[in-house]
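See structure below.
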Amino acid sequence: MDGVVAVTRSRDVPSFGPPIPEDVSFPKSSVFRDFLLAKIINAENAAHKSHKFRAMATRTRQEYLRDLAERHTTSTPIDPSGKFPFISLAHKKKEKSRPYAGAELRSLGAVTWAVHAEDHGAGGELEALLAISNDFLILLDLEAKAVVFNCATKDVIGWTLGSPASMRIFYERGESVSLRSVSNNTEDFREVVKRLENLTKGCETSEMTLRRNGLGQLGFHVNYEGIVAEVESYGYAWQAGLRQGSRLVEICKVAVATLTHEQMIDLLRTSVTVRVVIIPPHEDATPRRCVALSSTVSSGEYKGMVRAGLFDYKFPFRSKDTWQREPPPHPQPAVAWGALGGRPCLLNARGGTPL
């Protein structure tokens, strides 16, 4: 069975293929079917390009919209928050894209705060800028425009928040700098603490009062650095919260970093009321130390390196500056008086001096 094909089109419809051969009869076959399908699809695509068909499509859309507006609208207000939560989806996305509060406290660069720094030499305060970066903590004198203090950020071992709006930062062997916020703004030091928690292994100090037992002993051993070597189990010191690895940084309002080992022991043994400030140890009971002292270098080698000037400070100190630190004195062997019938006896520095 053969068939004949004829196609007509409007004048504004462009021509389309495939072309029809002249004087050809198409037999019934898959080739004829494919030819018809291709011709119909191309005809539809060509009709969409016609101005008449585009006008018809526009009128049809307008009729649909008019019918929707006249027959399917209501005057009742709609609460978009409950029935159509997708309407507020864009606002939620904007909120998620906003940075979280305090994101700058995790910056690798320096974050600064205006503070008053205590100048122990002049007996006054400096208007300074406290800057804490991923590597260093510095104090910049705003008047002299010079760095008056610096230490490695990883050498910070603890801090104390005082009232009103004061703070002490302990570093290295227990030395400290005292700061006071401008206009008693307590929020600044909260940010400083968060910054130190992100960048250091230090923690907030604890203050406690130590009692003596019936023999007048405090119930713990301490070495020349002020680190608690051993605590009597369930004794008064243990009950107060003192643990092995704690570092004494202040005894009866006196900084341990300013005392020799003998002076520290004498102060602990002779004070009627012993009130101490400590830096708690790590979870594994190891003391909190600066980076240099946490390495495998022995304490004797470390002191020799300090005297030889092998440690290069990254920031220069101001000449005749009262903030400049001196190398710590060479520790003397621990001496316990009266431990053996009133005679002095030498103790192992690692084991600490019993109190």
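The chains in the structure tokens are called A, B, ... from first to last as shown; in each chain the residues are counted from 1, and the ligands are counted from 1 in the order shown.
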Open item on the list: Using only C-alpha atoms, which protein or nucleic acid residues come within 12 Å of segment 273-278 of chain A? Drop anything in the same chain fewer than 6 positions from it, and give the result as a PyMOL selection string.
Closed with: chain A and resi 157-160+168+170+174+202-212+216-218+226-228+237+240-256+264-267+287-288+355
Any chance you can output those residues with N, CA and C atoms as a short mmCIF file (atom, residue, chain, number, x, y, z; two decimals), in the first residue's frame?
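Saved as selection.cif:
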```cif
data_model
loop_
_atom_site.label_atom_id
_atom_site.label_comp_id
_atom_site.auth_asym_id
_atom_site.auth_seq_id
_atom_site.Cartn_x
_atom_site.Cartn_y
_atom_site.Cartn_z
N ILE A 157 50.24 30.86 80.35
CA ILE A 157 49.86 29.66 81.09
C ILE A 157 48.59 29.85 81.91
N GLY A 158 48.13 31.11 82.08
CA GLY A 158 46.91 31.32 82.85
C GLY A 158 46.55 32.78 82.94
N TRP A 159 45.40 33.04 83.56
CA TRP A 159 44.93 34.41 83.71
C TRP A 159 43.96 34.49 84.88
N THR A 160 43.84 35.69 85.43
CA THR A 160 42.92 35.96 86.53
C THR A 160 42.05 37.13 86.16
N ARG A 168 44.84 39.83 85.08
CA ARG A 168 46.27 39.51 85.11
C ARG A 168 46.50 38.33 84.19
N PHE A 170 49.30 35.50 83.16
CA PHE A 170 50.51 34.83 83.61
C PHE A 170 51.17 34.13 82.43
N GLY A 174 55.51 31.99 85.50
CA GLY A 174 54.58 32.55 86.47
C GLY A 174 54.64 34.06 86.57
N GLY A 202 46.51 27.66 78.37
CA GLY A 202 46.33 28.17 79.72
C GLY A 202 44.89 28.05 80.19
N CYS A 203 44.66 28.44 81.43
CA CYS A 203 43.32 28.40 82.00
C CYS A 203 43.22 29.46 83.08
N GLU A 204 42.03 29.67 83.60
CA GLU A 204 41.83 30.66 84.65
C GLU A 204 42.38 30.13 85.97
N THR A 205 42.95 31.03 86.76
CA THR A 205 43.54 30.66 88.04
C THR A 205 42.46 30.37 89.08
N SER A 206 42.88 29.73 90.15
CA SER A 206 42.00 29.45 91.29
C SER A 206 42.66 30.01 92.55
N GLU A 207 41.86 30.53 93.44
CA GLU A 207 42.36 31.06 94.71
C GLU A 207 41.82 30.21 95.84
N MET A 208 42.69 29.87 96.80
CA MET A 208 42.25 29.02 97.90
C MET A 208 43.05 29.34 99.16
N THR A 209 42.47 29.04 100.29
CA THR A 209 43.12 29.19 101.59
C THR A 209 43.50 27.82 102.10
N LEU A 210 44.79 27.64 102.45
CA LEU A 210 45.30 26.35 102.89
C LEU A 210 45.39 26.31 104.41
N ARG A 211 44.91 25.23 105.00
CA ARG A 211 44.92 25.04 106.45
C ARG A 211 46.05 24.09 106.83
N ARG A 212 46.48 24.18 108.07
CA ARG A 212 47.54 23.31 108.58
C ARG A 212 46.92 22.20 109.42
N GLY A 216 51.15 21.28 112.08
CA GLY A 216 51.50 22.55 111.45
C GLY A 216 51.89 22.43 110.00
N GLN A 217 51.62 21.28 109.37
CA GLN A 217 52.00 21.05 107.98
C GLN A 217 50.83 21.35 107.05
N LEU A 218 51.17 21.78 105.83
CA LEU A 218 50.15 22.09 104.83
C LEU A 218 49.73 20.87 104.02
N GLY A 226 57.70 26.35 91.98
CA GLY A 226 56.38 26.59 92.54
C GLY A 226 55.36 25.59 92.06
N ILE A 227 55.82 24.47 91.49
CA ILE A 227 54.91 23.43 91.02
C ILE A 227 54.72 22.39 92.11
N VAL A 228 53.49 22.03 92.37
CA VAL A 228 53.17 21.05 93.40
C VAL A 228 53.56 19.67 92.90
N ALA A 237 44.97 20.32 102.17
CA ALA A 237 45.28 20.90 100.86
C ALA A 237 44.50 20.20 99.76
N ALA A 240 40.97 21.32 99.81
CA ALA A 240 40.81 22.68 99.30
C ALA A 240 40.83 22.72 97.77
N GLY A 241 41.28 21.63 97.13
CA GLY A 241 41.31 21.58 95.67
C GLY A 241 42.69 21.57 95.07
N LEU A 242 43.74 21.53 95.89
CA LEU A 242 45.10 21.51 95.38
C LEU A 242 45.42 20.12 94.85
N ARG A 243 46.01 20.05 93.66
CA ARG A 243 46.33 18.78 93.03
C ARG A 243 47.76 18.79 92.53
N GLN A 244 48.29 17.58 92.34
CA GLN A 244 49.63 17.44 91.78
C GLN A 244 49.68 18.08 90.40
N GLY A 245 50.73 18.85 90.14
CA GLY A 245 50.88 19.55 88.87
C GLY A 245 50.39 20.98 88.91
N SER A 246 49.72 21.38 89.99
CA SER A 246 49.28 22.78 90.11
C SER A 246 50.51 23.68 90.25
N ARG A 247 50.41 24.88 89.73
CA ARG A 247 51.52 25.84 89.82
C ARG A 247 51.11 26.99 90.74
N LEU A 248 51.90 27.23 91.78
CA LEU A 248 51.67 28.37 92.65
C LEU A 248 52.21 29.62 91.96
N VAL A 249 51.37 30.61 91.77
CA VAL A 249 51.82 31.86 91.15
C VAL A 249 51.77 33.03 92.13
N GLU A 250 51.06 32.85 93.22
CA GLU A 250 50.97 33.91 94.22
C GLU A 250 50.75 33.29 95.59
N ILE A 251 51.53 33.76 96.58
CA ILE A 251 51.40 33.28 97.95
C ILE A 251 51.24 34.50 98.85
N CYS A 252 50.11 34.59 99.50
CA CYS A 252 49.85 35.71 100.42
C CYS A 252 50.10 37.06 99.73
N LYS A 253 49.56 37.22 98.54
CA LYS A 253 49.65 38.45 97.74
C LYS A 253 51.06 38.72 97.21
N VAL A 254 51.97 37.76 97.32
CA VAL A 254 53.34 37.93 96.82
C VAL A 254 53.52 37.02 95.61
N ALA A 255 54.02 37.58 94.51
CA ALA A 255 54.21 36.80 93.28
C ALA A 255 55.35 35.80 93.48
N VAL A 256 55.11 34.55 93.17
CA VAL A 256 56.12 33.50 93.32
C VAL A 256 57.30 33.76 92.40
N MET A 264 60.22 31.34 99.15
CA MET A 264 58.90 30.75 98.94
C MET A 264 58.57 29.75 100.05
N ILE A 265 59.54 28.89 100.38
CA ILE A 265 59.31 27.90 101.44
C ILE A 265 59.10 28.60 102.78
N ASP A 266 59.90 29.63 103.05
CA ASP A 266 59.77 30.34 104.32
C ASP A 266 58.41 31.02 104.43
N LEU A 267 57.93 31.58 103.33
CA LEU A 267 56.63 32.25 103.35
C LEU A 267 55.50 31.25 103.59
N PRO A 287 51.89 19.85 84.76
CA PRO A 287 51.76 21.30 84.98
C PRO A 287 51.70 22.07 83.68
N ARG A 288 51.09 23.21 83.73
CA ARG A 288 51.04 24.09 82.56
C ARG A 288 52.35 24.86 82.48
N LEU A 355 55.86 20.44 103.03
CA LEU A 355 55.36 21.57 103.81
C LEU A 355 54.31 21.08 104.80
#
```
Open item on the list: So that I can check the surroundings of Val115 of chain A, please list as a PyMOL selection string every protein, DNA and RNA residue that reaches within 8 Å of it, counting only C-alpha atoms and ignoring chain neighbours fewer than 4 positions away.
Closed with: chain A and resi 127-130+179-182
TODO: Can you list, as a ChimeraX atom specification, all residues belonging to segment 65-238 of chain A that DSSP tags as strand (DSSP E or B)?
DONE: /A:111-119,124-132,136-141,146-152,156-162,166-171,175-181,203-204,206-210,220-222,227-231
TODO: Calculate how many Å separate atom CA of Glu172 of chain A from atom CA of Asp155 of chain A, rounding to one decimal.
DONE: 5.3 Å
- [ ] Go ahead and compute the interatomic distance for atom CA of Glu44 of chain A and atom CA of Ser10 of chain A, in Å to one decimal.
- [x] 12.3 Å
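One distance worth recording is that between atom CA of Ser50 of chain A and atom CA of Val13 of chain A, which is 5.1 Å.
Proximity to Ile40 of chain A at 10 Å, evaluated using only C-alpha atoms and with sequence-adjacent residues fewer than 4 positions away removed, yields A:Val7, A:Phe16, A:Gly17, A:Pro18, A:Phe35, A:Leu36, A:Glu44, A:Asn45, A:Ala46.
If only C-alpha atoms are the atoms counted, then among A:Val192, A:Thr60, A:His282, A:Lys201 the closest residue to Thr112 of chain A is A:Val192.
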